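Visitor: Next comes the structure file entry_25.cif, holding mmCIF, C-alpha atoms.
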```
data_protein
#
loop_
_atom_site.label_atom_id
_atom_site.label_comp_id
_atom_site.auth_asym_id
_atom_site.auth_seq_id
_atom_site.Cartn_x
_atom_site.Cartn_y
_atom_site.Cartn_z
CA MET A 1 -63.47 -60.60 -38.14
CA PRO A 2 -64.13 -56.88 -37.50
CA GLU A 3 -61.25 -54.53 -38.22
CA ARG A 4 -59.68 -53.04 -35.10
CA GLU A 5 -58.69 -49.45 -34.55
CA PRO A 6 -54.96 -48.73 -34.79
CA ASP A 7 -53.33 -48.28 -31.39
CA HIS A 8 -50.40 -46.11 -30.30
CA VAL A 9 -47.86 -48.76 -31.28
CA ASP A 10 -49.42 -49.12 -34.76
CA GLN A 11 -48.87 -45.39 -35.27
CA ILE A 12 -45.19 -45.64 -34.29
CA VAL A 13 -44.67 -48.67 -36.53
CA ALA A 14 -46.37 -46.92 -39.46
CA GLN A 15 -44.12 -43.88 -38.98
CA TRP A 16 -40.99 -46.05 -39.01
CA ARG A 17 -42.21 -47.98 -42.05
CA ARG A 18 -42.71 -44.66 -43.84
CA GLU A 19 -39.31 -43.30 -42.78
CA ARG A 20 -37.31 -46.54 -43.05
CA PRO A 21 -39.07 -48.90 -45.48
CA ASP A 22 -35.80 -50.83 -45.74
CA LEU A 23 -36.18 -52.16 -42.17
CA ASP A 24 -38.50 -54.87 -40.85
CA VAL A 25 -39.93 -53.17 -37.74
CA SER A 26 -42.33 -55.97 -36.76
CA ALA A 27 -40.24 -56.77 -33.65
CA LEU A 28 -40.63 -53.14 -32.60
CA ALA A 29 -44.40 -53.67 -32.54
CA VAL A 30 -44.12 -56.70 -30.24
CA PHE A 31 -41.70 -55.09 -27.80
CA GLY A 32 -43.51 -51.77 -27.98
CA ARG A 33 -46.70 -53.47 -26.85
CA LEU A 34 -44.87 -55.42 -24.12
CA PHE A 35 -43.27 -52.24 -22.75
CA ARG A 36 -46.51 -50.25 -23.01
CA ALA A 37 -48.49 -53.04 -21.31
CA THR A 38 -45.91 -53.19 -18.52
CA HIS A 39 -45.97 -49.43 -18.04
CA LEU A 40 -49.78 -49.24 -17.94
CA ALA A 41 -50.02 -52.26 -15.63
CA ASP A 42 -47.45 -50.69 -13.28
CA LEU A 43 -49.60 -47.56 -13.09
CA ALA A 44 -52.68 -49.63 -12.26
CA PHE A 45 -50.80 -51.65 -9.63
CA ALA A 46 -49.31 -48.53 -8.02
CA GLY A 47 -52.80 -47.17 -7.43
CA GLY A 48 -53.89 -50.40 -5.76
CA VAL A 49 -51.00 -50.57 -3.31
CA ALA A 50 -51.13 -46.82 -2.63
CA ARG A 51 -54.47 -47.41 -0.91
CA HIS A 52 -52.47 -49.42 1.63
CA ARG A 53 -50.06 -46.51 2.24
CA LEU A 54 -47.31 -48.12 0.19
CA ARG A 55 -45.20 -46.11 -2.20
CA PRO A 56 -44.30 -47.48 -5.63
CA GLY A 57 -41.52 -50.02 -5.27
CA TRP A 58 -42.20 -50.85 -1.64
CA PHE A 59 -44.66 -53.63 -2.42
CA ASP A 60 -42.03 -55.67 -4.29
CA LEU A 61 -39.68 -55.60 -1.29
CA LEU A 62 -42.41 -56.40 1.23
CA ALA A 63 -43.79 -59.18 -0.98
CA ALA A 64 -40.30 -60.75 -1.25
CA LEU A 65 -40.00 -60.70 2.54
CA ARG A 66 -43.48 -62.18 2.95
CA ARG A 67 -42.79 -64.95 0.40
CA ALA A 68 -39.62 -65.88 2.31
CA GLY A 69 -41.77 -67.31 5.10
CA PRO A 70 -41.05 -67.06 8.84
CA PRO A 71 -39.18 -65.14 10.14
CA TYR A 72 -39.90 -63.03 7.00
CA GLU A 73 -36.37 -61.73 6.60
CA LEU A 74 -33.71 -61.68 3.91
CA ARG A 75 -30.23 -60.34 3.37
CA PRO A 76 -30.14 -57.31 1.08
CA THR A 77 -28.39 -59.43 -1.58
CA ASP A 78 -31.27 -61.92 -1.46
CA LEU A 79 -33.72 -59.02 -1.82
CA MET A 80 -31.76 -57.88 -4.88
CA GLU A 81 -32.16 -61.29 -6.45
CA ALA A 82 -35.84 -61.61 -5.50
CA THR A 83 -36.75 -58.18 -6.86
CA MET A 84 -34.25 -57.86 -9.72
CA LEU A 85 -33.07 -54.49 -8.36
CA SER A 86 -29.54 -53.17 -8.11
CA SER A 87 -27.77 -52.73 -4.79
CA GLY A 88 -28.35 -48.99 -5.03
CA GLY A 89 -32.02 -49.51 -5.83
CA ILE A 90 -32.49 -51.74 -2.78
CA THR A 91 -30.68 -49.27 -0.51
CA LYS A 92 -32.71 -46.32 -1.80
CA ARG A 93 -36.02 -48.12 -1.27
CA LEU A 94 -35.04 -49.44 2.16
CA ASP A 95 -33.92 -45.98 3.27
CA ARG A 96 -37.51 -44.82 2.74
CA LEU A 97 -39.37 -48.00 3.65
CA VAL A 98 -37.74 -48.75 7.02
CA PRO A 99 -38.62 -45.40 8.67
CA ALA A 100 -42.25 -45.88 7.51
CA GLY A 101 -42.44 -49.02 9.66
CA PRO A 102 -43.40 -52.08 7.60
CA ALA A 103 -39.83 -53.42 7.55
CA GLU A 104 -36.75 -53.10 9.72
CA ARG A 105 -33.02 -53.58 9.36
CA ARG A 106 -31.14 -55.55 11.95
CA PRO A 107 -27.62 -56.95 12.26
CA ASP A 108 -27.08 -60.39 10.77
CA PRO A 109 -25.94 -62.65 13.65
CA ASN A 110 -24.13 -64.88 11.13
CA ASP A 111 -22.26 -62.07 9.36
CA ARG A 112 -20.48 -59.45 11.46
CA GLY A 113 -20.80 -56.65 8.92
CA GLY A 114 -24.01 -57.88 7.35
CA ALA A 115 -27.60 -56.91 7.85
CA LEU A 116 -31.00 -58.54 7.56
CA VAL A 117 -34.21 -56.90 6.46
CA ARG A 118 -37.29 -58.16 8.28
CA LEU A 119 -41.00 -57.66 7.80
CA THR A 120 -42.39 -56.10 10.99
CA ARG A 121 -45.52 -57.25 12.80
CA THR A 122 -47.32 -54.19 11.44
CA GLY A 123 -45.89 -54.77 7.96
CA ARG A 124 -47.22 -58.29 7.50
CA PRO A 125 -50.95 -57.40 7.50
CA VAL A 126 -50.21 -54.43 5.24
CA VAL A 127 -48.47 -56.57 2.62
CA ASP A 128 -51.17 -59.26 2.91
CA ARG A 129 -53.93 -56.72 2.18
CA ALA A 130 -51.87 -55.10 -0.59
CA LEU A 131 -51.29 -58.54 -2.13
CA GLU A 132 -55.02 -59.18 -2.25
CA ALA A 133 -55.54 -55.83 -4.00
CA HIS A 134 -52.62 -56.51 -6.36
CA ILE A 135 -53.95 -59.93 -7.40
CA ALA A 136 -57.44 -58.48 -7.91
CA SER A 137 -55.90 -55.80 -10.17
CA GLU A 138 -54.01 -58.43 -12.16
CA GLN A 139 -57.17 -60.47 -12.64
CA ARG A 140 -59.15 -57.37 -13.66
CA LEU A 141 -56.50 -56.37 -16.21
CA LEU A 142 -56.57 -59.86 -17.75
CA GLU A 143 -60.39 -60.05 -17.98
CA PRO A 144 -60.46 -59.30 -21.74
CA LEU A 145 -58.45 -62.48 -22.34
CA SER A 146 -60.08 -65.89 -22.37
CA PRO A 147 -58.46 -68.66 -20.29
CA ALA A 148 -57.01 -70.05 -23.54
CA ASP A 149 -55.61 -66.61 -24.45
CA ARG A 150 -54.05 -66.29 -21.00
CA HIS A 151 -52.47 -69.72 -21.29
CA ALA A 152 -51.12 -68.94 -24.78
CA LEU A 153 -49.75 -65.58 -23.65
CA ASP A 154 -48.11 -67.17 -20.61
CA ARG A 155 -46.55 -69.89 -22.78
CA LEU A 156 -45.24 -67.39 -25.33
CA LEU A 157 -43.84 -65.05 -22.70
CA ARG A 158 -42.15 -67.97 -20.94
CA LYS A 159 -40.52 -68.94 -24.25
CA LEU A 160 -39.41 -65.35 -24.91
CA LEU A 161 -38.06 -64.95 -21.37
CA ALA A 162 -36.02 -68.15 -21.65
CA THR A 163 -34.32 -66.69 -24.71
CA LEU A 164 -33.83 -63.29 -23.07
CA ASP A 165 -32.45 -64.87 -19.88
CA SER A 166 -30.03 -66.95 -21.94
CA PHE A 167 -28.96 -63.89 -23.93
CA THR A 168 -28.45 -61.84 -20.76
CA ILE A 169 -26.35 -64.56 -19.14
CA ARG A 170 -24.19 -64.89 -22.27
CA SER A 171 -23.73 -61.09 -22.38
CA GLU A 172 -22.66 -60.99 -18.71
CA ILE A 173 -20.06 -63.74 -19.28
CA GLN A 174 -18.46 -61.99 -22.28
#
```
What does the file become when written as structure tokens?

Guide:
Amino acid sequence: MPEREPDHVDQIVAQWRRERPDLDVSALAVFGRLFRATHLADLAFAGGVARHRLRPGWFDLLAALRRAGPPYELRPTDLMEATMLSSGGITKRLDRLVPAGPAERRPDPNDRGGALVRLTRTGRPVVDRALEAHIASEQRLLEPLSPADRHALDRLLRKLLATLDSFTIRSEIQ
């Protein structure tokens, strides 16, 4: 097997091993690569949705509304859950998204003080086209991996996320 070139994470790990040989920093390598992959993928995805006049962060909200099915609307708390954003994060994004036109706020007829966020008629084709671009970007980014590699990565990430979700829930209860 040919030797690979060290990457950015290898350099960080080597520096820590030099400075703190008493610590096992192998977990740092795994999470460093996960975080770096996420960051670089986010940059690639932002470029794809920007071609559809969507700012970073808007696509997630619009996609959650689109996935909800007709009438393509959710309460802000449901948007928080669907996008894993805080209340403040949802409000900030909606304050910019709604005036741009792909979504609207309206009173919730079932909750006097509540609101609903709805995908507009002009927003639906925008999110559909952006979704196609987003999926194409995801597929392009995964091209170096064989189908077996993709399956193995998915299985391992699912296992890791189950542990992380369990840890997060336990931390919130304490």

Visitor: Looking at all atoms listed in the file, which of A:Val13, A:Ala37, A:Ala68, A:Leu156 is the one that sits closest to A:Arg118?

Guide: A:Ala68

Visitor: Report the distance between atom CA of A:Leu142 and atom CA of A:Pro125 in Å, rounded to one decimal place.

Guide: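 We find that atom CA of A:Leu142 and atom CA of A:Pro125 lie 26.0 Å from each other.
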
Visitor: Tell me which residues the PyMOL selection byres ((chain A and resi 43) around 12) grabs here, as a ChimeraX atom specification.

Guide: /A:36-42,44-50,55-57,134,137-138,141

Visitor: Point out the residue among A:Lys92, A:Arg67, A:Arg18, A:His151 with the least atom-to-atom distance to A:Leu119, counting only C-alpha atoms.

Guide: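 Distance minimum relative to A:Leu119 lands on A:Arg67.
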
Visitor: Given the file shown, determine the residues that the PyMOL selection byres ((chain A and resi 62) around 8) selects; report them as a ChimeraX atom specification.

Guide: /A:58-61,63-66,102-103,119,123,127

Visitor: Between A:Ala136, A:Leu145, A:Gly113, A:Leu54, which is the closest to A:Ala100 once you count all atoms listed in the file?

Guide: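 Once distances to A:Ala100 are computed over all atoms listed in the file, the minimum belongs to A:Leu54.
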
Visitor: For A:Val117, which of A:Ser26, A:Gln15, A:Gln139, A:Thr77 is the closest residue, counting only C-alpha atoms?

Guide: A:Thr77

Visitor: For each of A:Leu97, A:Arg4, A:Leu116, A:Asn110, take the minimum atom-to-atom distance to A:Leu79, counting all atoms listed in the file, then give the residue where this is smallest.

Guide: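 The shortest atom-to-atom distance to A:Leu79 comes from A:Leu116.
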
Visitor: When you draw a straight line from atom CA of A:Gly89 to atom CA of A:Pro76, how long is it in Å?

Guide: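 Atom-to-atom, atom CA of A:Gly89 and atom CA of A:Pro76 are spaced 10.6 Å apart.
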
Visitor: To one decimal in Å, tell me the separation between atom CA of A:Leu164 and atom CA of A:Asp24.

Guide: 20.2 Å

Visitor: Between A:His52, A:Arg33, A:Arg20, A:Arg105, which is the closest to A:His8 once you count all atoms listed in the file?

Guide: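 Looking only at the distances to A:His8, the closest residue turns out to be A:Arg33.
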
Visitor: Could you give me stretch 23-43 of chain A completed to N, CA, C and O atoms, formatted as a CSV table (one decimal), in the frame of the given file?

Guide:
```
chain,number,residue,atom,x,y,z
A,23,LEU,N,-36.3,-51.4,-43.4
A,23,LEU,CA,-36.2,-52.2,-42.2
A,23,LEU,C,-37.5,-52.9,-41.9
A,23,LEU,O,-38.6,-52.4,-42.1
A,24,ASP,N,-37.3,-54.1,-41.3
A,24,ASP,CA,-38.5,-54.9,-40.8
A,24,ASP,C,-38.7,-54.5,-39.4
A,24,ASP,O,-37.9,-54.8,-38.5
A,25,VAL,N,-39.7,-53.7,-39.1
A,25,VAL,CA,-39.9,-53.2,-37.7
A,25,VAL,C,-41.0,-54.0,-37.0
A,25,VAL,O,-41.5,-53.5,-36.0
A,26,SER,N,-41.3,-55.2,-37.4
A,26,SER,CA,-42.3,-56.0,-36.8
A,26,SER,C,-41.9,-56.3,-35.3
A,26,SER,O,-42.8,-56.3,-34.4
A,27,ALA,N,-40.7,-56.5,-35.0
A,27,ALA,CA,-40.2,-56.8,-33.6
A,27,ALA,C,-40.5,-55.6,-32.8
A,27,ALA,O,-40.8,-55.7,-31.6
A,28,LEU,N,-40.4,-54.4,-33.3
A,28,LEU,CA,-40.6,-53.1,-32.6
A,28,LEU,C,-42.1,-53.1,-32.1
A,28,LEU,O,-42.4,-52.7,-31.0
A,29,ALA,N,-43.0,-53.6,-32.9
A,29,ALA,CA,-44.4,-53.7,-32.5
A,29,ALA,C,-44.6,-54.6,-31.3
A,29,ALA,O,-45.3,-54.2,-30.4
A,30,VAL,N,-44.0,-55.7,-31.4
A,30,VAL,CA,-44.1,-56.7,-30.2
A,30,VAL,C,-43.6,-56.1,-29.0
A,30,VAL,O,-44.2,-56.1,-27.9
A,31,PHE,N,-42.3,-55.6,-29.0
A,31,PHE,CA,-41.7,-55.1,-27.8
A,31,PHE,C,-42.4,-53.8,-27.4
A,31,PHE,O,-42.5,-53.5,-26.2
A,32,GLY,N,-42.8,-53.0,-28.3
A,32,GLY,CA,-43.5,-51.8,-28.0
A,32,GLY,C,-44.8,-52.1,-27.2
A,32,GLY,O,-45.1,-51.4,-26.2
A,33,ARG,N,-45.5,-53.1,-27.6
A,33,ARG,CA,-46.7,-53.5,-26.8
A,33,ARG,C,-46.4,-54.1,-25.5
A,33,ARG,O,-47.0,-53.8,-24.5
A,34,LEU,N,-45.3,-54.9,-25.4
A,34,LEU,CA,-44.9,-55.4,-24.1
A,34,LEU,C,-44.5,-54.3,-23.2
A,34,LEU,O,-44.9,-54.3,-22.0
A,35,PHE,N,-43.7,-53.3,-23.6
A,35,PHE,CA,-43.3,-52.2,-22.8
A,35,PHE,C,-44.5,-51.4,-22.4
A,35,PHE,O,-44.6,-50.9,-21.2
A,36,ARG,N,-45.3,-51.1,-23.3
A,36,ARG,CA,-46.5,-50.2,-23.0
A,36,ARG,C,-47.4,-51.0,-22.0
A,36,ARG,O,-48.0,-50.4,-21.1
A,37,ALA,N,-47.6,-52.3,-22.2
A,37,ALA,CA,-48.5,-53.0,-21.3
A,37,ALA,C,-47.9,-53.0,-19.9
A,37,ALA,O,-48.6,-52.9,-18.9
A,38,THR,N,-46.6,-53.2,-19.8
A,38,THR,CA,-45.9,-53.2,-18.5
A,38,THR,C,-46.1,-51.8,-17.8
A,38,THR,O,-46.4,-51.8,-16.7
A,39,HIS,N,-45.9,-50.8,-18.6
A,39,HIS,CA,-46.0,-49.4,-18.0
A,39,HIS,C,-47.4,-49.2,-17.5
A,39,HIS,O,-47.6,-48.7,-16.4
A,40,LEU,N,-48.4,-49.5,-18.3
A,40,LEU,CA,-49.8,-49.2,-17.9
A,40,LEU,C,-50.2,-50.1,-16.8
A,40,LEU,O,-50.9,-49.7,-15.9
A,41,ALA,N,-49.7,-51.4,-16.8
A,41,ALA,CA,-50.0,-52.3,-15.6
A,41,ALA,C,-49.4,-51.7,-14.4
A,41,ALA,O,-50.0,-51.7,-13.3
A,42,ASP,N,-48.1,-51.3,-14.5
A,42,ASP,CA,-47.4,-50.7,-13.3
A,42,ASP,C,-48.2,-49.5,-12.7
A,42,ASP,O,-48.4,-49.4,-11.5
A,43,LEU,N,-48.8,-48.7,-13.6
A,43,LEU,CA,-49.6,-47.6,-13.1
A,43,LEU,C,-50.8,-48.1,-12.4
A,43,LEU,O,-51.2,-47.5,-11.3
```
